[in-house]
Amino acid sequence: MEGETGTVLALEMREITKQYPAVLANDHVSIQAEKGSIVCIIGENGAGKSTLMSILSGMEQPDSGEILLNGERVSFASGREAMKHKIGMVFQQFMLVNELSVLENIILGAEPTKGVRIDLDKARREIEEVMESYDMKLPLDQPAGSLWIGLQQKLEILKVLYRGAEIIILDEPTAVLTPQETKELFVNMRALAEKGKTLLFITHKLNEVMEVADDIYVMRSGKLITRVSPKDTSVEDLSLKMVGHELPPIMARAEVKGEKLLTLERVGVRRGREGYALQGIDMTISRGEILGVAGISGNGQNELAHVVAGLLKPSEGRILFQGKDITAHDRRLRIKDGISYIPEDRNRMGACLSWSVEDNSIGGYQDMPRFSGPLGVLRRKAIEKQAQEMVEKFMIKTPGTKVKIASLSGGNCQKVIVARETAFDASLIIASEPSRGIDIHAINSIYSHIMELRNQGCGVLLISSSLDEVLTLSDRVMILYEGKIAGVVDPKTTPREEIGLYMSGAKGGGQE
C-alpha cells in the first residue's frame with residue numbers, strides 16, 4: 001500500500017469506532033502514516049486521540065474498523081501482542097524502576113537468556129548496537145532514577161527500540177522537558193524517522209507540531225476533522241480546527257502598583273536525612289503581581305506551594321503575609337488570612353470524589369456565614385446557588401450540581417476546583433498546575449480569569465510544569481533547581497533557552 005507521495009504506508013487505521021457507555025470516543029476515524037514520517041495527532045481533551053492510540057497499542061479493542069501494517073490487516077488484544085507487531089508506546093508517565101540500572105530497565109520483560117540465567121553480556125552488546133545505530137547514548141550501569149528527566153525519556157525510547165519497534169507512539173513527550181531537552185528530543189525523533197521508523201506524536205503544544213510534524217491530524221469530539229501538512233496551516237488555524245471556533249483573547253495585563261503582599265525569609269524544608277527539599281528561599285510577591293515558578297519537576301515546587309498554603313511547616317525561616325508573621329498558621333488559618341490554593345493533584349488534594357459538585361464548590365469555605373448557620377447547619381440553597389454560578393461561569397459540563405464530582409471528566413473536575421479557589425476574594429492565590437487536564441478553550445478562560453484577578457490587585461504564585469504557561473502569565477519568573485532559587489528573570493526579555501539553562505543547573509545558583 002502506498003501513501004499520497006508514493007512512499008510505503010507503514011500504518012493505516014480505517015473507520016475505527018469505539019463506543020463507551022456514555023460517549024462515542026472514536027467515530028469512524030481513519031488515519032495513515034508513511035514509513036519514516038512523523039505524524040502528529042492533536043485535539044482537545046476528550047477529542048478521542050488517546051483512545052485511538054490505546055487501540056493501536058493494544059490496550060483497547062475497537063468496536064469496528066481495521067488496522068493495517070505495511071498493507072496487511074492485523075489485530076491484537078494486548079500491548080504485548082502489539083509489541084510483537086513492532087508497535088511501541090512511550091507514555092507521558094515513565095514506566096521505569098528507579099532502583100534498577102539503565103540496562104536492567106531496557107531488558108525488563110524481554111531478557112535474553114543463557115540456559116536458565118539472564119545473559120547480561122548479550123543484552124549489553126545488543127543495547128550498545130541499538131544506541132550506536134540511533135546515536136542515543138546512556139550510561140547502562142547507572143540507576144534509572146538518577147538520570148535527568150530528558151535522559152529518562154531517552155531510556156523509554158531505547159526500551160521500545162530494543163524490542164524492535166518500527167512504529168513508536170509518543171504521548172505528550174515534552175510535558176516535563178526543558179527547552180534544550182525538547183530540541184534534543186526532536187533531533188532524536190527526526191533521526192529515528194530518517195532510519196525508517198514511523199512516529200506518532202500526541203501533543204497539545206501547537207508550536208511543537210509545526211516544528212516537527214510531516215503530517216497533522218486534527219480530532220474533535222471523537223471525529224477526524226482534517227488532515228493537513230504543516231506548510232499549509234498555522235498555529236492559529238490548527239487552534240481553530242481543534243476548538244471549532246475562534247478563541248477569545250487572554251485579558252490584557254494592566255499596570256498595577258501594589259505593595260508587598262507575601263515575603264519568605266530564608267525558608268527551608270528538610271527532607272529527612274536526604275538534606276533539603278527547599279533551602280534558603282528568599283522571595284516576595286506584591287499585590288497585582290504574578291510570580292511564576294519554573295523548574296524540572298521534583299526541584300521543590302510542590303514543597304514551596306505547600307509551605308505557602310499552610311500544608312507544610314518550614315524547618316527554618318519565616319513567612320510574612322500583609323506584614324504579619326503567619327509561619328505557624330495551618331491551612332485553615334491561611335484560608336482566613338486570604339490565601340487560596342489550587343493544588344497540583346486534583347484527585348488527592350483538590351476534591352473529595354465522594355462529594356457532590358455542590359459540596360466541592362465550597363470545600364474548605366463551608367464555615368463562611370453565607371454557607372453555615374449559627375449551629376453549623378449548612379445553608380443548602382446558598383450552596384446550590386454558589387455551585388450553579390460556578391458551573392455557568394466556567395462552563396462546567398455536568399448533569400447537575402448534585403451529582404458526585406467523581407462522575408465528571410478530569411478537566412471539568414479541575415474547573416470546579418479553579419472556580420472555588422478564585423471565588424472568595426482571596427488576596428493571594430497559589431495556582432499549582434491550574435490548567436492541567438483542561439481543554440484549550442477552558443485554558444484561555446482560566447488564564448483570563450487569573451489575569452483579571454491580578455489586575456484587580458490579587459497576588460498570584462503560579463507553579464507550572466508548562467514553561468509556556470509560566471511565560472504567558474508571569475510578571476517575573478523564579479527558577480528552582482534542587483530546592484534553591486537558581487535565578488529570577490523577566491519573562492519578556494529572557495530567552496527560553498536561558499531559562500532552560502537555569503532549570504538544568506547549567507546556570508545560576510545564586511538568588512537575584
# chains A, B, ... in the order shown; residues from 1 in each chain; ligands from 1
>>> select_by_dssp(residues="range 327-494 of chain A", states="alpha helix (DSSP H)", output="MDAnalysis selection string")
chainID A and resid 331:337 357:360 380:393 410:421 440:455 467:473
>>> write_last_selection(atoms="C-alpha atoms", output="mmCIF file, in the first residue's frame")
data_model
loop_
_atom_site.group_PDB
_atom_site.id
_atom_site.type_symbol
_atom_site.label_atom_id
_atom_site.label_comp_id
_atom_site.auth_asym_id
_atom_site.auth_seq_id
_atom_site.Cartn_x
_atom_site.Cartn_y
_atom_site.Cartn_z
ATOM 1 C CA ARG A 331 -4.237 25.637 56.163
ATOM 2 C CA ARG A 332 -7.463 26.622 57.897
ATOM 3 C CA LEU A 333 -5.906 29.828 59.206
ATOM 4 C CA ARG A 334 -4.272 30.568 55.853
ATOM 5 C CA ILE A 335 -7.741 30.476 54.254
ATOM 6 C CA LYS A 336 -8.880 33.049 56.804
ATOM 7 C CA ASP A 337 -5.727 35.058 56.084
ATOM 8 C CA VAL A 357 -20.285 19.148 42.832
ATOM 9 C CA GLU A 358 -22.194 21.406 45.238
ATOM 10 C CA ASP A 359 -20.252 20.325 48.305
ATOM 11 C CA ASN A 360 -16.943 20.506 46.463
ATOM 12 C CA ARG A 380 -28.192 24.301 51.165
ATOM 13 C CA LYS A 381 -29.877 26.910 48.953
ATOM 14 C CA ALA A 382 -26.875 29.219 49.214
ATOM 15 C CA ILE A 383 -24.529 26.343 48.403
ATOM 16 C CA GLU A 384 -26.653 25.297 45.426
ATOM 17 C CA LYS A 385 -26.650 28.897 44.161
ATOM 18 C CA GLN A 386 -22.867 29.115 44.554
ATOM 19 C CA ALA A 387 -22.315 25.867 42.646
ATOM 20 C CA GLN A 388 -24.677 26.875 39.844
ATOM 21 C CA GLU A 389 -22.901 30.206 39.388
ATOM 22 C CA MET A 390 -19.558 28.384 39.120
ATOM 23 C CA VAL A 391 -20.938 25.912 36.578
ATOM 24 C CA GLU A 392 -22.234 28.737 34.390
ATOM 25 C CA LYS A 393 -19.170 30.988 34.683
ATOM 26 C CA GLY A 410 -10.852 15.278 34.880
ATOM 27 C CA GLY A 411 -10.926 18.620 33.085
ATOM 28 C CA ASN A 412 -14.356 19.534 34.462
ATOM 29 C CA CYS A 413 -13.316 18.471 37.957
ATOM 30 C CA GLN A 414 -10.342 20.830 37.599
ATOM 31 C CA LYS A 415 -12.691 23.640 36.588
ATOM 32 C CA VAL A 416 -14.692 23.163 39.804
ATOM 33 C CA ILE A 417 -11.502 23.490 41.863
ATOM 34 C CA VAL A 418 -10.278 26.583 39.993
ATOM 35 C CA ALA A 419 -13.741 28.162 40.274
ATOM 36 C CA ARG A 420 -13.884 27.514 44.027
ATOM 37 C CA GLU A 421 -10.394 28.777 44.808
ATOM 38 C CA ILE A 440 -7.587 24.751 25.095
ATOM 39 C CA HIS A 441 -10.777 26.854 25.244
ATOM 40 C CA ALA A 442 -11.015 26.498 29.020
ATOM 41 C CA ILE A 443 -7.298 27.245 29.385
ATOM 42 C CA ASN A 444 -7.778 30.638 27.729
ATOM 43 C CA SER A 445 -10.732 31.318 30.002
ATOM 44 C CA ILE A 446 -8.756 30.418 33.137
ATOM 45 C CA TYR A 447 -5.762 32.471 32.000
ATOM 46 C CA SER A 448 -8.057 35.484 31.530
ATOM 47 C CA HIS A 449 -9.613 34.892 34.947
ATOM 48 C CA ILE A 450 -6.194 34.745 36.645
ATOM 49 C CA MET A 451 -5.126 37.901 34.791
ATOM 50 C CA GLU A 452 -8.351 39.657 35.794
ATOM 51 C CA LEU A 453 -7.723 38.854 39.471
ATOM 52 C CA ARG A 454 -4.138 40.055 39.125
ATOM 53 C CA ASN A 455 -5.298 43.313 37.530
ATOM 54 C CA LEU A 467 7.039 26.772 30.577
ATOM 55 C CA ASP A 468 4.592 28.204 28.034
ATOM 56 C CA GLU A 469 2.075 28.773 30.829
ATOM 57 C CA VAL A 470 4.655 30.410 33.088
ATOM 58 C CA LEU A 471 5.893 32.735 30.336
ATOM 59 C CA THR A 472 2.372 33.660 29.218
ATOM 60 C CA LEU A 473 1.106 34.731 32.632
#
>>> residues_around(residues="range 487-490 of chain A", least_positions_apart="3", cutoff="12 Å", atoms="only C-alpha atoms", output="ChimeraX atom specification")
/A:281-284,290-295,470-481,483-484,493-496,498-512
>>> residues_around(residues="range 261-275 of chain A", least_positions_apart="6", cutoff="6 Å", atoms="only C-alpha atoms", output="JSON, numbers by chain")
{"A": [281, 282, 283, 284, 285, 286, 287, 314, 315, 316, 317, 318, 319, 320, 321, 322]}
>>> atom_distance(atom1="CA of Gly338 in chain A", atom2="CA of Ser427 in chain A")
5.2 Å
>>> residues_around(residues="range 158-171 of chain A", least_positions_apart="6", cutoff="7 Å", atoms="only C-alpha atoms", output="list in words")
Met83, Lys86, Ile87, Gly88, Met89, Val90, Phe91, Gln92, Ile106, Ile127, Val130, Lys197, Thr198, Leu199, Leu200, Phe201, Ile202 and Thr203 of chain A
>>> closest_residue(among="A:Val218, A:Leu11, A:Val377, A:Ala47", to="Ile438 in chain A", atoms="only C-alpha atoms")
A:Ala47
>>> closest_residue(among="A:Glu99, A:Glu12, A:Glu44, A:Glu194", to="Gly145 in chain A", atoms="only C-alpha atoms")
A:Glu99
